[in-house]
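As stored in protein-v4.cif (mmCIF, C-alpha atoms and all ligand atoms):
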```cif
data_query
loop_
_atom_site.group_PDB
_atom_site.id
_atom_site.type_symbol
_atom_site.label_atom_id
_atom_site.label_comp_id
_atom_site.auth_asym_id
_atom_site.auth_seq_id
_atom_site.Cartn_x
_atom_site.Cartn_y
_atom_site.Cartn_z
ATOM 1 C CA MET A 699 247.131 50.492 163.754
ATOM 2 C CA GLN A 700 246.613 54.097 162.761
ATOM 3 C CA SER A 701 246.112 55.213 166.364
ATOM 4 C CA THR A 702 249.807 54.433 167.082
ATOM 5 C CA ARG A 703 250.979 56.838 164.363
ATOM 6 C CA THR A 704 252.409 60.122 165.551
ATOM 7 C CA SER A 705 251.827 61.770 162.180
ATOM 8 C CA ARG A 706 251.350 60.731 158.616
ATOM 9 C CA GLY A 707 253.672 60.944 155.655
ATOM 10 C CA PRO A 708 252.987 63.556 152.992
ATOM 11 C CA ASP A 709 250.565 63.222 150.117
ATOM 12 C CA LEU A 710 251.979 63.244 146.616
ATOM 13 C CA SER A 711 250.620 64.616 143.335
ATOM 14 C CA LEU A 712 252.019 64.150 139.842
ATOM 15 C CA TYR A 713 250.597 66.188 136.970
ATOM 16 C CA GLU A 714 251.327 65.169 133.390
ATOM 17 C CA VAL A 715 254.917 64.130 134.139
ATOM 18 C CA SER A 716 257.034 62.971 131.192
ATOM 19 C CA ARG A 717 260.652 62.024 130.538
ATOM 20 C CA ARG A 718 262.275 60.917 127.313
ATOM 21 C CA PHE A 719 265.745 59.412 126.772
ATOM 22 C CA GLY A 720 266.678 59.830 123.100
ATOM 23 C CA GLY A 721 264.045 57.887 121.175
ATOM 24 C CA ILE A 722 262.555 56.248 124.273
ATOM 25 C CA GLN A 723 259.591 57.773 126.071
ATOM 26 C CA ALA A 724 260.476 56.367 129.515
ATOM 27 C CA VAL A 725 257.608 58.125 131.325
ATOM 28 C CA ASP A 726 254.645 59.323 129.303
ATOM 29 C CA ASN A 727 252.302 61.976 130.702
ATOM 30 C CA VAL A 728 251.717 60.383 134.111
ATOM 31 C CA SER A 729 249.206 61.993 136.472
ATOM 32 C CA LEU A 730 248.713 60.501 139.898
ATOM 33 C CA GLU A 731 247.492 61.272 143.420
ATOM 34 C CA ILE A 732 248.876 59.310 146.359
ATOM 35 C CA ALA A 733 247.208 59.806 149.735
ATOM 36 C CA ALA A 734 249.208 60.524 152.882
ATOM 37 C CA GLY A 735 250.169 57.337 154.700
ATOM 38 C CA CYS A 736 249.647 55.065 151.696
ATOM 39 C CA LEU A 737 251.962 52.156 150.824
ATOM 40 C CA VAL A 738 251.947 51.994 147.038
ATOM 41 C CA ALA A 739 253.580 49.286 144.940
ATOM 42 C CA LEU A 740 254.746 50.207 141.456
ATOM 43 C CA VAL A 741 254.944 47.119 139.252
ATOM 44 C CA GLY A 742 255.464 46.436 135.558
ATOM 45 C CA LEU A 743 257.797 44.736 133.150
ATOM 46 C CA SER A 744 261.456 45.673 132.878
ATOM 47 C CA GLY A 745 261.862 48.971 131.023
ATOM 48 C CA SER A 746 258.285 50.141 131.684
ATOM 49 C CA GLY A 747 259.528 53.319 133.412
ATOM 50 C CA LYS A 748 259.205 52.524 137.124
ATOM 51 C CA SER A 749 262.685 53.667 138.247
ATOM 52 C CA THR A 750 262.541 56.766 136.077
ATOM 53 C CA LEU A 751 259.228 57.755 137.657
ATOM 54 C CA LEU A 752 260.582 57.150 141.168
ATOM 55 C CA LYS A 753 263.792 59.104 140.527
ATOM 56 C CA MET A 754 261.877 62.107 139.247
ATOM 57 C CA ILE A 755 260.200 62.358 142.659
ATOM 58 C CA ASN A 756 263.550 62.807 144.458
ATOM 59 C CA ARG A 757 265.081 64.689 141.534
ATOM 60 C CA LEU A 758 267.749 62.168 140.661
ATOM 61 C CA ILE A 759 266.199 62.503 137.191
ATOM 62 C CA GLU A 760 264.635 65.730 135.935
ATOM 63 C CA PRO A 761 261.270 65.547 134.163
ATOM 64 C CA ASP A 762 261.018 67.071 130.678
ATOM 65 C CA SER A 763 257.591 68.387 131.581
ATOM 66 C CA GLY A 764 254.969 68.187 134.296
ATOM 67 C CA LYS A 765 254.801 68.945 137.961
ATOM 68 C CA ILE A 766 255.424 66.903 141.115
ATOM 69 C CA LEU A 767 254.089 68.101 144.470
ATOM 70 C CA ILE A 768 255.006 66.625 147.861
ATOM 71 C CA ALA A 769 252.598 67.862 150.529
ATOM 72 C CA GLY A 770 251.806 70.712 148.151
ATOM 73 C CA ASP A 771 255.465 71.730 147.580
ATOM 74 C CA ASP A 772 256.639 71.672 143.974
ATOM 75 C CA VAL A 773 259.799 69.513 143.877
ATOM 76 C CA THR A 774 260.628 70.647 140.359
ATOM 77 C CA THR A 775 261.264 74.184 141.620
ATOM 78 C CA THR A 776 262.888 73.267 144.967
ATOM 79 C CA ASP A 777 266.637 72.791 145.497
ATOM 80 C CA PRO A 778 267.289 69.046 144.880
ATOM 81 C CA HIS A 779 269.322 68.761 148.117
ATOM 82 C CA ILE A 780 266.407 70.074 150.141
ATOM 83 C CA VAL A 781 264.003 67.724 148.363
ATOM 84 C CA ARG A 782 266.262 64.708 149.000
ATOM 85 C CA ARG A 783 266.773 65.496 152.675
ATOM 86 C CA LYS A 784 263.059 64.942 153.240
ATOM 87 C CA ILE A 785 262.906 61.670 151.312
ATOM 88 C CA GLY A 786 264.321 58.278 152.279
ATOM 89 C CA TYR A 787 265.683 56.347 149.305
ATOM 90 C CA VAL A 788 266.466 52.635 149.338
ATOM 91 C CA PHE A 789 267.616 50.719 146.285
ATOM 92 C CA GLN A 790 268.845 47.240 145.394
ATOM 93 C CA ASN A 791 272.423 46.466 146.513
ATOM 94 C CA ILE A 792 272.239 49.438 148.819
ATOM 95 C CA GLY A 793 275.839 50.527 148.236
ATOM 96 C CA LEU A 794 277.202 50.823 151.751
ATOM 97 C CA PHE A 795 280.614 52.497 151.904
ATOM 98 C CA PRO A 796 282.932 49.480 152.330
ATOM 99 C CA HIS A 797 285.628 51.303 154.307
ATOM 100 C CA MET A 798 283.201 52.701 156.899
ATOM 101 C CA THR A 799 281.618 50.925 159.859
ATOM 102 C CA ILE A 800 277.883 50.182 159.843
ATOM 103 C CA GLY A 801 277.381 52.918 162.433
ATOM 104 C CA CYS A 802 279.151 55.498 160.236
ATOM 105 C CA ASN A 803 277.212 54.332 157.177
ATOM 106 C CA ILE A 804 273.911 54.832 159.007
ATOM 107 C CA ALA A 805 275.012 58.218 160.352
ATOM 108 C CA ILE A 806 276.071 59.748 157.029
ATOM 109 C CA GLY A 807 272.871 61.742 156.517
ATOM 110 C CA LEU A 808 272.901 62.890 160.151
ATOM 111 C CA GLU A 809 276.500 64.064 159.809
ATOM 112 C CA LEU A 810 275.709 65.997 156.628
ATOM 113 C CA ALA A 811 272.751 67.598 158.399
ATOM 114 C CA GLY A 812 275.053 68.523 161.329
ATOM 115 C CA GLU A 813 272.870 66.673 163.857
ATOM 116 C CA ASP A 814 274.076 65.999 167.403
ATOM 117 C CA GLY A 815 273.427 62.761 169.308
ATOM 118 C CA ARG A 816 274.380 60.611 166.352
ATOM 119 C CA VAL A 817 275.523 57.584 168.373
ATOM 120 C CA ASP A 818 272.201 57.350 170.212
ATOM 121 C CA ARG A 819 270.280 57.775 166.978
ATOM 122 C CA VAL A 820 272.307 54.999 165.272
ATOM 123 C CA MET A 821 271.472 52.645 168.176
ATOM 124 C CA GLU A 822 267.803 53.590 167.919
ATOM 125 C CA LEU A 823 267.836 52.935 164.165
ATOM 126 C CA LEU A 824 269.513 49.543 164.595
ATOM 127 C CA ASP A 825 266.731 48.632 167.068
ATOM 128 C CA LEU A 826 264.133 49.853 164.593
ATOM 129 C CA VAL A 827 265.382 47.581 161.806
ATOM 130 C CA GLU A 828 265.902 44.739 164.270
ATOM 131 C CA LEU A 829 269.671 44.477 164.057
ATOM 132 C CA PRO A 830 271.829 44.039 167.199
ATOM 133 C CA GLN A 831 273.493 47.256 168.365
ATOM 134 C CA GLU A 832 276.916 45.584 168.353
ATOM 135 C CA MET A 833 276.732 45.624 164.553
ATOM 136 C CA ALA A 834 277.448 49.363 164.622
ATOM 137 C CA SER A 835 281.173 48.627 164.853
ATOM 138 C CA ARG A 836 281.250 45.982 162.110
ATOM 139 C CA MET A 837 282.266 46.577 158.512
ATOM 140 C CA PRO A 838 279.723 46.047 155.673
ATOM 141 C CA ASP A 839 281.431 42.909 154.345
ATOM 142 C CA GLN A 840 280.834 41.283 157.740
ATOM 143 C CA LEU A 841 277.049 41.396 157.207
ATOM 144 C CA SER A 842 274.746 39.204 155.109
ATOM 145 C CA GLY A 843 272.881 40.667 152.125
ATOM 146 C CA GLY A 844 269.648 40.853 154.144
ATOM 147 C CA GLN A 845 271.416 42.569 157.045
ATOM 148 C CA GLN A 846 272.987 45.075 154.627
ATOM 149 C CA GLN A 847 269.552 45.914 153.213
ATOM 150 C CA ARG A 848 268.300 46.508 156.772
ATOM 151 C CA VAL A 849 271.217 48.904 157.242
ATOM 152 C CA GLY A 850 270.112 50.602 154.020
ATOM 153 C CA VAL A 851 266.618 51.076 155.462
ATOM 154 C CA ALA A 852 268.105 52.409 158.735
ATOM 155 C CA ARG A 853 270.300 54.855 156.808
ATOM 156 C CA ALA A 854 267.331 56.050 154.744
ATOM 157 C CA LEU A 855 265.272 56.615 157.914
ATOM 158 C CA ALA A 856 268.045 58.384 159.846
ATOM 159 C CA THR A 857 266.948 61.955 159.158
ATOM 160 C CA ARG A 858 263.293 61.073 159.868
ATOM 161 C CA PRO A 859 261.893 61.456 156.356
ATOM 162 C CA LYS A 860 258.152 60.912 156.044
ATOM 163 C CA LEU A 861 258.316 59.819 152.413
ATOM 164 C CA MET A 862 260.174 56.632 151.442
ATOM 165 C CA LEU A 863 261.032 55.690 147.867
ATOM 166 C CA MET A 864 262.191 52.092 147.531
ATOM 167 C CA ASP A 865 263.483 50.704 144.243
ATOM 168 C CA GLU A 866 263.555 46.894 144.337
ATOM 169 C CA PRO A 867 264.851 47.137 147.919
ATOM 170 C CA PHE A 868 264.823 43.407 148.607
ATOM 171 C CA GLY A 869 265.184 42.215 145.000
ATOM 172 C CA ALA A 870 268.568 40.556 145.403
ATOM 173 C CA LEU A 871 267.589 38.482 148.432
ATOM 174 C CA ASP A 872 266.317 34.934 148.751
ATOM 175 C CA PRO A 873 262.496 34.608 148.885
ATOM 176 C CA VAL A 874 262.282 33.859 152.608
ATOM 177 C CA THR A 875 264.482 36.818 153.656
ATOM 178 C CA ARG A 876 262.674 38.992 151.145
ATOM 179 C CA ASP A 877 259.260 38.066 152.539
ATOM 180 C CA SER A 878 260.354 38.680 156.097
ATOM 181 C CA LEU A 879 262.006 42.060 155.329
ATOM 182 C CA GLY A 880 258.959 43.137 153.335
ATOM 183 C CA THR A 881 256.611 42.294 156.190
ATOM 184 C CA GLN A 882 258.868 44.046 158.707
ATOM 185 C CA TYR A 883 259.108 47.110 156.485
ATOM 186 C CA LYS A 884 255.315 47.292 156.256
ATOM 187 C CA ALA A 885 255.158 47.307 160.065
ATOM 188 C CA LEU A 886 257.728 50.145 160.127
ATOM 189 C CA HIS A 887 255.723 52.068 157.536
ATOM 190 C CA GLU A 888 252.680 51.834 159.824
ATOM 191 C CA LYS A 889 254.564 52.546 163.046
ATOM 192 C CA LEU A 890 256.365 55.627 161.704
ATOM 193 C CA GLY A 891 253.371 56.904 159.739
ATOM 194 C CA LEU A 892 255.188 57.039 156.396
ATOM 195 C CA THR A 893 254.095 57.397 152.808
ATOM 196 C CA THR A 894 255.941 54.742 150.767
ATOM 197 C CA ILE A 895 256.333 53.911 147.095
ATOM 198 C CA ILE A 896 257.990 50.577 146.483
ATOM 199 C CA VAL A 897 259.060 49.394 143.039
ATOM 200 C CA THR A 898 258.998 45.642 142.737
ATOM 201 C CA HIS A 899 259.097 42.969 140.059
ATOM 202 C CA ASP A 900 257.409 40.602 142.427
ATOM 203 C CA MET A 901 253.629 40.836 142.041
ATOM 204 C CA ALA A 902 253.063 38.556 145.008
ATOM 205 C CA GLU A 903 255.150 40.935 147.159
ATOM 206 C CA ALA A 904 253.072 43.868 145.880
ATOM 207 C CA LEU A 905 249.836 42.044 146.618
ATOM 208 C CA TYR A 906 250.624 41.277 150.234
ATOM 209 C CA LEU A 907 252.433 44.529 151.109
ATOM 210 C CA ALA A 908 250.633 47.365 149.359
ATOM 211 C CA ASP A 909 247.424 49.308 149.963
ATOM 212 C CA ARG A 910 247.375 50.150 146.277
ATOM 213 C CA ILE A 911 249.134 48.774 143.197
ATOM 214 C CA LEU A 912 250.051 50.810 140.119
ATOM 215 C CA VAL A 913 250.844 48.840 136.974
ATOM 216 C CA MET A 914 253.196 50.572 134.515
ATOM 217 C CA GLU A 915 253.555 49.756 130.841
ATOM 218 C CA ASP A 916 255.339 51.806 128.163
ATOM 219 C CA GLY A 917 255.786 54.747 130.538
ATOM 220 C CA GLN A 918 252.112 54.940 131.492
ATOM 221 C CA ILE A 919 250.057 53.816 134.480
ATOM 222 C CA LYS A 920 247.802 51.191 132.942
ATOM 223 C CA ALA A 921 246.098 49.996 136.108
ATOM 224 C CA ASP A 922 245.572 51.437 139.564
ATOM 225 C CA ALA A 923 243.867 49.077 141.970
ATOM 226 C CA THR A 924 243.806 47.587 145.440
ATOM 227 C CA PRO A 925 245.228 44.076 145.926
ATOM 228 C CA ALA A 926 241.713 42.717 146.342
ATOM 229 C CA GLU A 927 240.574 44.293 143.055
ATOM 230 C CA LEU A 928 243.607 42.888 141.251
ATOM 231 C CA LEU A 929 243.090 39.433 142.662
ATOM 232 C CA SER A 930 239.445 39.382 141.650
ATOM 233 C CA GLY A 931 240.289 40.419 138.069
ATOM 234 C CA GLN A 932 238.662 43.885 138.196
ATOM 235 C CA ALA A 933 241.726 45.908 137.170
ATOM 236 C CA GLY A 934 241.818 45.494 133.386
ATOM 237 C CA ASP A 935 243.786 43.436 130.874
ATOM 238 C CA GLU A 936 247.305 44.812 131.538
ATOM 239 C CA ALA A 937 246.963 44.112 135.234
ATOM 240 C CA GLU A 938 245.387 40.739 134.571
ATOM 241 C CA ALA A 939 248.395 39.641 132.494
ATOM 242 C CA LEU A 940 250.736 40.520 135.347
ATOM 243 C CA VAL A 941 248.534 38.977 138.004
ATOM 244 C CA ALA A 942 247.761 35.699 136.285
ATOM 245 C CA ILE A 943 251.058 33.991 137.129
ATOM 246 C CA PRO A 944 251.471 35.058 140.749
ATOM 247 C CA ARG A 945 247.791 34.699 141.638
ATOM 248 C CA ALA A 946 248.308 31.166 142.865
ATOM 249 C CA GLN A 947 251.414 32.321 144.727
ATOM 250 C CA ALA A 948 249.428 35.154 146.371
ATOM 251 C CA LYS A 949 246.677 32.756 147.373
ATOM 252 C CA TYR A 950 249.364 30.690 149.055
ATOM 253 C CA PHE A 951 250.503 33.775 151.084
ATOM 254 C CA HIS A 952 246.849 34.513 151.804
ATOM 255 C CA ASP A 953 246.408 31.035 153.233
ATOM 256 C CA LEU A 954 249.504 31.577 155.378
ATOM 257 C CA GLY A 955 247.904 34.647 156.918
ATOM 258 C CA HIS A 956 249.037 37.633 154.774
ATOM 259 C CA ASP A 957 245.533 38.767 153.790
ATOM 260 C CA PRO A 958 245.448 41.353 150.939
ATOM 261 C CA ASP A 959 241.851 42.219 151.942
ATOM 262 C CA GLN A 960 243.228 43.529 155.232
ATOM 263 C CA ASN A 961 245.463 45.910 153.284
ATOM 264 C CA GLN A 962 242.405 47.273 151.572
ATOM 265 C CA SER A 963 240.589 47.889 154.841
ATOM 266 C CA GLU A 964 243.574 49.910 156.116
ATOM 267 C CA GLN A 965 243.661 52.127 153.058
ATOM 268 C CA PRO A 966 243.425 55.801 154.007
HETATM 269 N N1 LIG A 1001 269.838 57.286 131.651
HETATM 270 C C1 LIG A 1001 269.182 56.674 130.657
HETATM 271 N N2 LIG A 1001 269.595 56.853 129.390
HETATM 272 C C2 LIG A 1001 268.925 56.264 128.352
HETATM 273 N N3 LIG A 1001 267.843 55.508 128.519
HETATM 274 C C3 LIG A 1001 267.374 55.298 129.757
HETATM 275 C C4 LIG A 1001 268.029 55.883 130.899
HETATM 276 N N4 LIG A 1001 267.356 55.521 132.008
HETATM 277 C C5 LIG A 1001 266.336 54.737 131.580
HETATM 278 N N5 LIG A 1001 266.356 54.615 130.244
HETATM 279 C C6 LIG A 1001 265.387 53.875 129.431
HETATM 280 O O1 LIG A 1001 264.083 54.247 129.811
HETATM 281 C C7 LIG A 1001 263.214 53.129 129.860
HETATM 282 C C8 LIG A 1001 262.626 53.009 131.255
HETATM 283 O O2 LIG A 1001 263.681 52.644 132.140
HETATM 284 P P1 LIG A 1001 263.423 52.406 133.700
HETATM 285 O O3 LIG A 1001 264.737 52.096 134.327
HETATM 286 O O4 LIG A 1001 262.655 53.530 134.237
HETATM 287 O O5 LIG A 1001 262.477 51.112 133.669
HETATM 288 P P2 LIG A 1001 262.100 50.115 134.832
HETATM 289 O O6 LIG A 1001 260.659 49.810 134.664
HETATM 290 O O7 LIG A 1001 262.524 50.675 136.152
HETATM 291 O O8 LIG A 1001 262.971 48.858 134.463
HETATM 292 P P3 LIG A 1001 263.624 47.733 135.405
HETATM 293 O O9 LIG A 1001 262.443 47.053 136.041
HETATM 294 O O10 LIG A 1001 264.351 46.852 134.459
HETATM 295 O O11 LIG A 1001 264.498 48.409 136.398
HETATM 296 C C9 LIG A 1001 264.042 51.938 129.432
HETATM 297 O O12 LIG A 1001 263.831 51.707 128.062
HETATM 298 C C10 LIG A 1001 265.478 52.380 129.680
HETATM 299 O O13 LIG A 1001 266.384 51.752 128.819
#
```

Show me this structure written as structure tokens.
Amino acid sequence: MQSTRTSRGPDLSLYEVSRRFGGIQAVDNVSLEIAAGCLVALVGLSGSGKSTLLKMINRLIEPDSGKILIAGDDVTTTDPHIVRRKIGYVFQNIGLFPHMTIGCNIAIGLELAGEDGRVDRVMELLDLVELPQEMASRMPDQLSGGQQQRVGVARALATRPKLMLMDEPFGALDPVTRDSLGTQYKALHEKLGLTTIIVTHDMAEALYLADRILVMEDGQIKADATPAELLSGQAGDEAEALVAIPRAQAKYFHDLGHDPDQNQSEQP
């Protein structure tokens, strides 16, 4: 797989990053290294700090303290617009502009960046996310939820970012569509040589998609393990509690051919 990559996404380093909201310590002194080209799943119960951590990386939320480096560049001292231009961001209910065609929605970032050749690029992006090119002229309400999320991925990839942050990207979809979009996104991650962090509530999704799984609780990373380590119970009590329920579900995916051990062997 790796031989088809043109280049790899950036590496990422977080040093003692914290953020408080009033009396709530949403993120508590998190330090973390993510290797270039890694697909990392960030899991944990609701309110554990996953979205806050993700949004500090693209500066939608400012940390109270700590440092975040993307490929060695300190995002906390870089203009937020410049930081965001290099990062693709996909979130649940992607928020397409309802009065604009799909093509215009995908091209927004390209237009802001003043890029030429936008029509060709939109067609290329529709191919990439496996949507028919004729959809460029449709309006968002003429697409299914799954198709809209694909448009969201295309829009996030338009300016060729190498780092993708995805916050419950397929959370609102039915399980079958969700599984298929997740698998297709993993293939895109490999093909484009991206670094990806994906927040998910679905442990089974994390187990079959990710190279590495981070478990958050009370604003801290309580476990950091490969899918195989999590499945074999080597990642500690917090992880074990989260894994116990979907373990049977993951074994089912495993039997269908999504082998978490293969993820581990591809880890950079
Ligand atoms: N803008 C805000 N103002 C006040 N409190 C906030 C704000 N954003 C987040 N919080 C609080 O910080 C904590 C962490 O929230 P965060 O959204 O990061 O958790 P999460 O793990 O992503 O949750 P979920 O899985 O439900 O999306 C929560 O207690 C939340 O209520």

Note to self: Take the PyMOL selection byres (((chain A and resi 765) around 8) and not hetatm), run it mentally on this structure, and tell me the resulting residues as a VMD selection string.
What the structure shows: chain A and resid 712 to 715 763 to 764 766 to 767 772 to 774

List every residue of stretch 846-916 of chain A that has an atom at most 10 Å from any atom of stretch 742-755 of chain A, and for each one report the closest atom pair and its distance in Å to one decimal, counting all atoms listed in the file, with rows sorted by chain and then by increasing residue number, as CSV.
```
residue,atom,partner,partner_atom,distance
A:Leu863,CA,A:Leu752,CA,6.9
A:Met864,CA,A:Leu752,CA,8.3
A:Asp865,CA,A:Ser749,CA,6.7
A:Glu866,CA,A:Ser749,CA,9.1
A:Ile895,CA,A:Leu752,CA,8.0
A:Ile896,CA,A:Leu752,CA,8.8
A:Val897,CA,A:Lys748,CA,6.7
A:Thr898,CA,A:Gly742,CA,8.0
A:His899,CA,A:Gly742,CA,6.7
A:Asp900,CA,A:Gly742,CA,9.2
A:Met901,CA,A:Gly742,CA,8.8
A:Leu912,CA,A:Gly742,CA,8.3
A:Val913,CA,A:Gly742,CA,5.4
A:Met914,CA,A:Gly742,CA,4.8
A:Glu915,CA,A:Ser746,CA,4.8
A:Asp916,CA,A:Ser746,CA,4.9
```

Check: What does the distance from atom CA of A:Arg782 to atom CA of A:Arg819 come to in Å, to one decimal?
Finding: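 According to the coordinates, atom CA of A:Arg782 and atom CA of A:Arg819 are separated by 19.7 Å.
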
Next item on the list: Counting all atoms listed in the file, find the residues whose atoms lie at most 9 Å from (269.4, 46.5, 143.5) (file coordinates) and write them out as a PyMOL selection string.
Entry: chain A and resi 788-793+865-870

Check: Which is closer to A:Ala805 than all the others in A:Pro708, A:Pro778, A:Gly735, A:Gly850, using only C-alpha atoms?
Finding: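 Between A:Pro708, A:Pro778, A:Gly735, A:Gly850, the residue approaching A:Ala805 most closely is A:Gly850.
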
Check: What's the 12 Å shell around stretch 872-878 of chain A, counting all atoms listed in the file, without same-chain residues fewer than 2 positions away, as a VMD selection string?
Finding: chain A and resid 790 827 to 828 842 to 848 866 to 870 880 to 885 898 900 902 to 907 948 951 956

Item checked: Residue neighbourhood A:Phe795, 12 Å, only C-alpha atoms, exclusion window fewer than 2 positions, as a ChimeraX atom specification -> /A:791-793,797-806,837-839,846,849-850,853

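Nearest to ligand LIG 1001 (chain A) of all the residues A:Ser729, A:Gln723, A:Gln918, A:Thr894 is A:Gln723, based on only C-alpha atoms and all ligand atoms.
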
Check: Between atom CA of A:Asn756 and atom CA of A:Asp818, what is the distance, to one decimal in Å?
Finding: 27.7 Å

Check: Within 8 Å of A:Ala733, counting all atoms listed in the file, which residues qualify if same-chain residues fewer than 5 places away don't, as a VMD selection string?
Finding: chain A and resid 708 to 710 893 966

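Minimum atom-to-atom distance to ligand LIG 1001 (chain A), evaluated using only C-alpha atoms and all ligand atoms, belongs to A:Gly917 out of A:Pro925, A:Gly931, A:Gly891, A:Gly917.
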
Checklist line | Selected residue of minimal separation from A:Arg783 among A:Leu928, A:Val738, A:Gln840, A:Leu810, counting all atoms listed in the file | finding: A:Leu810

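Atom pair atom CA of A:Ala811 / atom CA of A:Val851 has a distance of 17.9 Å (rounded to one decimal).
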
Extending 4 Å beyond the listed atoms of ligand LIG 1001 (chain A) on each side, what axis-aligned box results? I want centre and edge lengths in Å to one decimal, as AutoDock Vina command-line options.
```
--center_x 265.2 --center_y 52.1 --center_z 132.2 --size_x 17.2 --size_y 18.4 --size_z 16.3
```
